[in-house]
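Enquirer: Below are the structure tokens for one structure; questions will follow.
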Amino acid sequence: MEKIVLVLLLISFLHARDLKHAALLEFRSLEAKFEQIVTTQDGDEISYFGRLQAKAPNKAKWDYEMPIQKEVFVNGKELIIYESHLSEVYRHKLATTEDFFSIIARAEAISSNKLAAVLENVTYFITLSENGLPQELEYKDDLDNTIRIIFTQVKANTEILDSVFVFTPPQGKH
């Protein structure tokens with residue numbers, strides 16, 4: 001009898017985990033506040049704070065508020081960074097259209113609230129909250145820095161206009 005109860009508990013646990021992951025696959029948009037913590041190989045840390053808006057299949061806008069203000073736009077195959085304090089705009093063509101939604105689509109459960117996905121030789125770990133929303137994203141960048149992005153006030157499947165992801169340069173900045 002004890003073995004049957006343990007098996008039933010395990011099945012319930014796995015089903016709940018799969019439901020959380022299945023809910024993630026239904027995401028079409030995501031809005032959240034974030035803290036991005038960059039830890040270098042030497043253990044030095046810097047934190048950035050801001051707001052993220054993302055929309056499937058591959059659009060995102062990161063509004064960094066502290067310690068510096070900048071906007072990062074991802075729209076298809078283009079990355080645009082606007083650093084207002086420097087009055088500079090950087091435009092980069094992206095070699096890939098992989099984004100947060102691609103990571104989620106490839107993610108596999110490794111525990112009840114943690115997923116892992118590998119894209120372009122980078123392993124991403126996604127921690128889910130109790131209600132199945134993304135709570136944290138962690139990975140190592142090309143410089144072997146550990147990047148942790150902690151999400152709060154997460155809203156899924158909200159209506160986000162495409163115009164949010166279009167960068168309009170300030171006058172005289174192209």
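If you're wondering about the labels, chains in the structure tokens are A, B, ... by order shown, residues count from 1 in each chain, ligands from 1 in order shown.
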What lies within 10 Å of stretch 77-87 of chain A using only C-alpha atoms, ignoring chain neighbours under 4 positions off, as a ChimeraX atom specification?
Expert: /A:58-64,68-73,91-98,165-170,172-173
Enquirer: With only C-alpha atoms as the counted atoms, please give the residues lying no more than 7 Å from stretch 131-138 of chain A, apart from itself and same-chain residues fewer than 3 positions off, as a list in words.
Expert: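 Counting only C-alpha atoms, the residues come to Lys20, Tyr124, Phe125, Ile126, Thr127, Leu128, Ile147, Arg148, Ile149, Ile150, Phe151 and Thr152 of chain A.
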Enquirer: Record the distance separating atom CA of A:Val74 and atom CA of A:Lys55, expressed in Å with one decimal.
Expert: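 These atoms are spaced 10.1 Å apart.
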Enquirer: In Å, how far is it from atom CA of A:Tyr90 to atom CA of A:Leu119?
Expert: 24.5 Å
Enquirer: If you run DSSP over the backbone, which residues in stretch 2-168 of chain A end up strand (DSSP E)? Put them as a count of residues only.
Expert: 83
Enquirer: Among chain A, which ones does DSSP assign to helix (DSSP H, G or I) (computed from the backbone)? Answer as number ranges by chain.
Expert: A: 2-25, 100-106, 162-165
Enquirer: Kindly indicate which residue among A:Leu52, A:Asn75, A:Glu108, A:Val122 lies nearest to A:Leu143, using only C-alpha atoms for the distances.
Expert: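 The shortest atom-to-atom distance to A:Leu143 comes from A:Val122.
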Enquirer: Select, from A:Lys33, A:Asn145, A:Phe101, A:Lys114, the residue with the minimum atom-to-atom distance to A:Ile46, counting only C-alpha atoms.
Expert: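 Of A:Lys33, A:Asn145, A:Phe101, A:Lys114, the one nearest A:Ile46 is A:Asn145, counting only C-alpha atoms.
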Enquirer: To one decimal place, how far is atom CA of A:Ser112 from atom CA of A:Lys155 in Å?
Expert: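 Interatomic distance, atom CA of A:Ser112 to atom CA of A:Lys155: 20.9 Å.
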